[in-house]
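Q: Got a structure for you, my_file.cif, holding mmCIF, C-alpha atoms.
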data_start
loop_
_atom_site.group_PDB
_atom_site.id
_atom_site.type_symbol
_atom_site.label_atom_id
_atom_site.label_comp_id
_atom_site.auth_asym_id
_atom_site.auth_seq_id
_atom_site.Cartn_x
_atom_site.Cartn_y
_atom_site.Cartn_z
ATOM 1 C CA MET A 1 -72.720 11.152 -135.063
ATOM 2 C CA THR A 2 -74.973 12.765 -137.656
ATOM 3 C CA ALA A 3 -74.098 16.289 -138.807
ATOM 4 C CA LEU A 4 -76.690 19.027 -138.409
ATOM 5 C CA ASP A 5 -78.746 19.802 -141.471
ATOM 6 C CA PRO A 6 -77.686 23.331 -142.567
ATOM 7 C CA ILE A 7 -81.135 24.072 -143.981
ATOM 8 C CA SER A 8 -83.177 23.160 -140.901
ATOM 9 C CA THR A 9 -80.818 25.053 -138.583
ATOM 10 C CA SER A 10 -80.585 28.200 -140.719
ATOM 11 C CA PRO A 11 -81.925 31.573 -139.534
ATOM 12 C CA LYS A 12 -84.518 31.438 -142.320
ATOM 13 C CA ALA A 13 -85.763 28.069 -141.076
ATOM 14 C CA MET A 14 -86.124 29.632 -137.638
ATOM 15 C CA GLN A 15 -88.164 32.480 -139.160
ATOM 16 C CA ALA A 16 -90.503 29.949 -140.745
ATOM 17 C CA TYR A 17 -90.764 28.067 -137.442
ATOM 18 C CA GLU A 18 -91.609 31.267 -135.546
ATOM 19 C CA LEU A 19 -94.346 32.052 -138.062
ATOM 20 C CA MET A 20 -95.729 28.537 -137.663
ATOM 21 C CA LYS A 21 -95.904 29.144 -133.901
ATOM 22 C CA ILE A 22 -97.995 32.274 -134.574
ATOM 23 C CA LEU A 23 -100.259 30.537 -137.084
ATOM 24 C CA ASP A 24 -100.840 27.331 -135.112
ATOM 25 C CA PRO A 25 -103.229 28.793 -132.503
ATOM 26 C CA LEU A 26 -105.015 30.772 -135.231
ATOM 27 C CA VAL A 27 -105.705 28.007 -137.724
ATOM 28 C CA GLY A 28 -104.168 24.782 -136.417
ATOM 29 C CA VAL A 29 -100.945 23.088 -137.379
ATOM 30 C CA ALA A 30 -102.226 21.454 -140.587
ATOM 31 C CA GLU A 31 -103.635 24.693 -142.006
ATOM 32 C CA ALA A 32 -100.525 26.604 -140.868
ATOM 33 C CA SER A 33 -98.337 24.135 -142.762
ATOM 34 C CA PHE A 34 -100.576 24.408 -145.827
ATOM 35 C CA PHE A 35 -100.433 28.238 -145.609
ATOM 36 C CA MET A 36 -96.636 28.166 -145.646
ATOM 37 C CA GLN A 37 -96.552 25.950 -148.760
ATOM 38 C CA ARG A 38 -99.271 27.423 -150.975
ATOM 39 C CA GLY A 39 -99.061 30.459 -153.237
ATOM 40 C CA ASN A 40 -100.243 33.659 -151.591
ATOM 41 C CA ASP A 41 -101.674 36.657 -153.453
ATOM 42 C CA LEU A 42 -100.125 39.026 -150.898
ATOM 43 C CA LEU A 43 -96.731 37.618 -151.865
ATOM 44 C CA GLY A 44 -97.259 37.957 -155.614
ATOM 45 C CA GLY A 45 -98.232 34.302 -155.872
ATOM 46 C CA ALA A 46 -95.080 33.035 -154.135
ATOM 47 C CA THR A 47 -95.344 30.676 -151.196
ATOM 48 C CA PRO A 48 -94.397 32.043 -147.764
ATOM 49 C CA VAL A 49 -91.519 29.531 -147.671
ATOM 50 C CA THR A 50 -90.144 30.881 -150.959
ATOM 51 C CA ALA A 51 -90.600 34.484 -149.811
ATOM 52 C CA ILE A 52 -88.685 33.725 -146.598
ATOM 53 C CA LYS A 53 -85.855 32.168 -148.637
ATOM 54 C CA GLU A 54 -85.787 35.352 -150.728
ATOM 55 C CA GLY A 55 -85.479 37.503 -147.600
ATOM 56 C CA ARG A 56 -89.015 38.911 -147.788
ATOM 57 C CA ILE A 57 -89.898 38.214 -144.152
ATOM 58 C CA ASP A 58 -91.737 41.542 -143.731
ATOM 59 C CA GLU A 59 -94.098 40.633 -146.558
ATOM 60 C CA VAL A 60 -94.689 37.197 -145.046
ATOM 61 C CA LEU A 61 -95.449 38.783 -141.672
ATOM 62 C CA ARG A 62 -98.081 40.961 -143.373
ATOM 63 C CA ALA A 63 -99.603 37.840 -144.954
ATOM 64 C CA VAL A 64 -99.732 36.167 -141.518
ATOM 65 C CA GLN A 65 -101.289 39.326 -140.089
ATOM 66 C CA ALA A 66 -103.958 39.114 -142.811
ATOM 67 C CA VAL A 67 -104.789 35.587 -141.622
ATOM 68 C CA ALA A 68 -105.073 36.865 -138.047
ATOM 69 C CA MET A 69 -107.359 39.690 -139.152
ATOM 70 C CA GLU A 70 -109.535 37.224 -141.081
ATOM 71 C CA LYS A 71 -109.905 35.285 -137.836
ATOM 72 C CA GLY A 72 -110.860 38.484 -135.966
ATOM 73 C CA ILE A 73 -107.660 38.621 -133.946
ATOM 74 C CA PHE A 74 -106.131 42.064 -133.600
ATOM 75 C CA GLY A 75 -103.239 43.622 -131.696
ATOM 76 C CA GLU A 76 -99.620 42.619 -131.410
ATOM 77 C CA PRO A 77 -98.867 39.840 -131.956
ATOM 78 C CA TRP A 78 -102.433 39.536 -133.148
ATOM 79 C CA LEU A 79 -104.001 38.555 -129.852
ATOM 80 C CA PRO A 80 -107.731 38.935 -129.220
ATOM 81 C CA PRO A 81 -108.734 42.290 -127.703
ATOM 82 C CA ASN A 82 -108.371 42.371 -123.894
ATOM 83 C CA HIS A 83 -106.378 39.125 -123.982
ATOM 84 C CA LYS A 84 -103.943 40.311 -121.312
ATOM 85 C CA ALA A 85 -106.777 41.495 -119.080
ATOM 86 C CA ARG A 86 -108.473 38.084 -119.264
ATOM 87 C CA VAL A 87 -105.218 36.274 -118.520
ATOM 88 C CA ALA A 88 -104.532 38.520 -115.527
ATOM 89 C CA GLN A 89 -108.016 37.803 -114.097
ATOM 90 C CA ARG A 90 -107.452 34.023 -113.971
#
Can you dump the structure from the file as structure tokens?
A:
Amino acid sequence: MTALDPISTSPKAMQAYELMKILDPLVGVAEASFFMQRGNDLLGGATPVTAIKEGRIDEVLRAVQAVAMEKGIFGEPWLPPNHKARVAQR
């Protein structure tokens, strides 16, 4: 039996995964993956992955929120306005 990988099962890996789940519907999985691995000005040039490893999850969340705002998605957790009302009408 193969042992679990301590990196992929760490709480920080779960934080990155949760952020990917937020980004995916905003920009798609490929762009979300690229976002997590490229330097970000809002993180002082660090990648979101590095910032998560350093315990800077709040800063990474703000960077993700900036992506949502660029896409015109507002509200927690950055859903389009009246999203719940539209869902309830279906």
Q: Evaluate the PyMOL selection byres ((chain A and resi 49-55) around 12) here and jot the selected residues down as an mmCIF file with C-alpha atoms, in the coordinates of the input.
A:
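Contents of the output file part-v2.cif:
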data_model
loop_
_atom_site.group_PDB
_atom_site.id
_atom_site.type_symbol
_atom_site.label_atom_id
_atom_site.label_comp_id
_atom_site.auth_asym_id
_atom_site.auth_seq_id
_atom_site.Cartn_x
_atom_site.Cartn_y
_atom_site.Cartn_z
ATOM 1 C CA ILE A 7 -81.135 24.072 -143.981
ATOM 2 C CA SER A 10 -80.585 28.200 -140.719
ATOM 3 C CA PRO A 11 -81.925 31.573 -139.534
ATOM 4 C CA LYS A 12 -84.518 31.438 -142.320
ATOM 5 C CA ALA A 13 -85.763 28.069 -141.076
ATOM 6 C CA MET A 14 -86.124 29.632 -137.638
ATOM 7 C CA GLN A 15 -88.164 32.480 -139.160
ATOM 8 C CA ALA A 16 -90.503 29.949 -140.745
ATOM 9 C CA TYR A 17 -90.764 28.067 -137.442
ATOM 10 C CA GLU A 18 -91.609 31.267 -135.546
ATOM 11 C CA LEU A 19 -94.346 32.052 -138.062
ATOM 12 C CA MET A 20 -95.729 28.537 -137.663
ATOM 13 C CA ALA A 32 -100.525 26.604 -140.868
ATOM 14 C CA SER A 33 -98.337 24.135 -142.762
ATOM 15 C CA PHE A 34 -100.576 24.408 -145.827
ATOM 16 C CA PHE A 35 -100.433 28.238 -145.609
ATOM 17 C CA MET A 36 -96.636 28.166 -145.646
ATOM 18 C CA GLN A 37 -96.552 25.950 -148.760
ATOM 19 C CA ARG A 38 -99.271 27.423 -150.975
ATOM 20 C CA GLY A 39 -99.061 30.459 -153.237
ATOM 21 C CA ASN A 40 -100.243 33.659 -151.591
ATOM 22 C CA ASP A 41 -101.674 36.657 -153.453
ATOM 23 C CA LEU A 42 -100.125 39.026 -150.898
ATOM 24 C CA LEU A 43 -96.731 37.618 -151.865
ATOM 25 C CA GLY A 44 -97.259 37.957 -155.614
ATOM 26 C CA GLY A 45 -98.232 34.302 -155.872
ATOM 27 C CA ALA A 46 -95.080 33.035 -154.135
ATOM 28 C CA THR A 47 -95.344 30.676 -151.196
ATOM 29 C CA PRO A 48 -94.397 32.043 -147.764
ATOM 30 C CA ARG A 56 -89.015 38.911 -147.788
ATOM 31 C CA ILE A 57 -89.898 38.214 -144.152
ATOM 32 C CA ASP A 58 -91.737 41.542 -143.731
ATOM 33 C CA GLU A 59 -94.098 40.633 -146.558
ATOM 34 C CA VAL A 60 -94.689 37.197 -145.046
ATOM 35 C CA LEU A 61 -95.449 38.783 -141.672
ATOM 36 C CA ARG A 62 -98.081 40.961 -143.373
ATOM 37 C CA ALA A 63 -99.603 37.840 -144.954
#
Q: Around all of range 19-35 of chain A's listed atoms, make the axis-aligned box with 4 Å on each side and tell me centre and edge lengths in Å to one decimal, as AutoDock Vina command-line options.
A:
--center_x -100.0 --center_y 26.9 --center_z -139.2 --size_x 19.4 --size_y 18.8 --size_z 21.3
Q: Interatomic distance between CA of Val64 in chain A and CA of Leu23 in chain A?
A: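 Going from CA of Val64 in chain A over to CA of Leu23 in chain A, I get 7.2 Å.
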Q: Please supply range 41-52 of chain A, rebuilt with all heavy atoms, as an mmCIF file, in the frame of the given file.
A:
data_model
loop_
_atom_site.group_PDB
_atom_site.id
_atom_site.type_symbol
_atom_site.label_atom_id
_atom_site.label_comp_id
_atom_site.auth_asym_id
_atom_site.auth_seq_id
_atom_site.Cartn_x
_atom_site.Cartn_y
_atom_site.Cartn_z
ATOM 1 N N ASP A 41 -101.504 35.444 -152.649
ATOM 2 C CA ASP A 41 -101.674 36.657 -153.453
ATOM 3 C C ASP A 41 -100.923 37.844 -152.860
ATOM 4 O O ASP A 41 -100.430 38.689 -153.601
ATOM 5 C CB ASP A 41 -103.151 37.009 -153.593
ATOM 6 C CG ASP A 41 -103.908 36.023 -154.477
ATOM 7 O OD1 ASP A 41 -103.261 35.320 -155.279
ATOM 8 O OD2 ASP A 41 -105.148 35.968 -154.366
ATOM 9 N N LEU A 42 -100.836 37.919 -151.541
ATOM 10 C CA LEU A 42 -100.125 39.026 -150.898
ATOM 11 C C LEU A 42 -98.620 38.956 -151.117
ATOM 12 O O LEU A 42 -97.904 39.930 -150.875
ATOM 13 C CB LEU A 42 -100.430 39.054 -149.397
ATOM 14 C CG LEU A 42 -101.886 39.322 -149.034
ATOM 15 C CD1 LEU A 42 -102.097 39.178 -147.535
ATOM 16 C CD2 LEU A 42 -102.315 40.695 -149.509
ATOM 17 N N LEU A 43 -98.154 37.810 -151.587
ATOM 18 C CA LEU A 43 -96.731 37.618 -151.865
ATOM 19 C C LEU A 43 -96.478 37.499 -153.371
ATOM 20 O O LEU A 43 -95.484 36.910 -153.794
ATOM 21 C CB LEU A 43 -96.223 36.366 -151.134
ATOM 22 C CG LEU A 43 -96.389 36.390 -149.616
ATOM 23 C CD1 LEU A 43 -96.030 35.040 -149.024
ATOM 24 C CD2 LEU A 43 -95.549 37.499 -149.011
ATOM 25 N N GLY A 44 -97.407 38.026 -154.160
ATOM 26 C CA GLY A 44 -97.259 37.957 -155.614
ATOM 27 C C GLY A 44 -97.360 36.551 -156.154
ATOM 28 O O GLY A 44 -96.796 36.234 -157.195
ATOM 29 N N GLY A 45 -98.058 35.686 -155.448
ATOM 30 C CA GLY A 45 -98.232 34.302 -155.872
ATOM 31 C C GLY A 45 -97.174 33.349 -155.340
ATOM 32 O O GLY A 45 -97.305 32.137 -155.481
ATOM 33 N N ALA A 46 -96.127 33.891 -154.720
ATOM 34 C CA ALA A 46 -95.080 33.035 -154.135
ATOM 35 C C ALA A 46 -95.603 32.393 -152.860
ATOM 36 O O ALA A 46 -96.525 32.896 -152.221
ATOM 37 C CB ALA A 46 -93.835 33.861 -153.816
ATOM 38 N N THR A 47 -95.005 31.281 -152.479
ATOM 39 C CA THR A 47 -95.344 30.676 -151.196
ATOM 40 C C THR A 47 -94.609 31.440 -150.088
ATOM 41 O O THR A 47 -93.546 32.033 -150.341
ATOM 42 C CB THR A 47 -94.920 29.199 -151.135
ATOM 43 O OG1 THR A 47 -93.490 29.126 -151.136
ATOM 44 C CG2 THR A 47 -95.496 28.401 -152.286
ATOM 45 N N PRO A 48 -95.132 31.428 -148.865
ATOM 46 C CA PRO A 48 -94.397 32.043 -147.764
ATOM 47 C C PRO A 48 -92.997 31.452 -147.587
ATOM 48 O O PRO A 48 -92.049 32.187 -147.299
ATOM 49 C CB PRO A 48 -95.287 31.779 -146.554
ATOM 50 C CG PRO A 48 -96.663 31.797 -147.132
ATOM 51 C CD PRO A 48 -96.508 31.085 -148.449
ATOM 52 N N VAL A 49 -92.835 30.151 -147.795
ATOM 53 C CA VAL A 49 -91.519 29.531 -147.671
ATOM 54 C C VAL A 49 -90.549 30.142 -148.686
ATOM 55 O O VAL A 49 -89.422 30.500 -148.351
ATOM 56 C CB VAL A 49 -91.612 27.996 -147.835
ATOM 57 C CG1 VAL A 49 -90.239 27.372 -147.985
ATOM 58 C CG2 VAL A 49 -92.353 27.378 -146.657
ATOM 59 N N THR A 50 -90.992 30.280 -149.925
ATOM 60 C CA THR A 50 -90.144 30.881 -150.959
ATOM 61 C C THR A 50 -89.815 32.329 -150.611
ATOM 62 O O THR A 50 -88.670 32.762 -150.745
ATOM 63 C CB THR A 50 -90.833 30.798 -152.332
ATOM 64 O OG1 THR A 50 -91.025 29.425 -152.657
ATOM 65 C CG2 THR A 50 -90.020 31.480 -153.411
ATOM 66 N N ALA A 51 -90.821 33.080 -150.167
ATOM 67 C CA ALA A 51 -90.600 34.484 -149.811
ATOM 68 C C ALA A 51 -89.595 34.611 -148.669
ATOM 69 O O ALA A 51 -88.754 35.519 -148.667
ATOM 70 C CB ALA A 51 -91.923 35.146 -149.447
ATOM 71 N N ILE A 52 -89.657 33.716 -147.697
ATOM 72 C CA ILE A 52 -88.685 33.725 -146.598
ATOM 73 C C ILE A 52 -87.285 33.464 -147.150
ATOM 74 O O ILE A 52 -86.334 34.150 -146.796
ATOM 75 C CB ILE A 52 -89.060 32.708 -145.503
ATOM 76 C CG1 ILE A 52 -90.307 33.178 -144.758
ATOM 77 C CG2 ILE A 52 -87.906 32.502 -144.524
ATOM 78 C CD1 ILE A 52 -90.920 32.133 -143.856
#
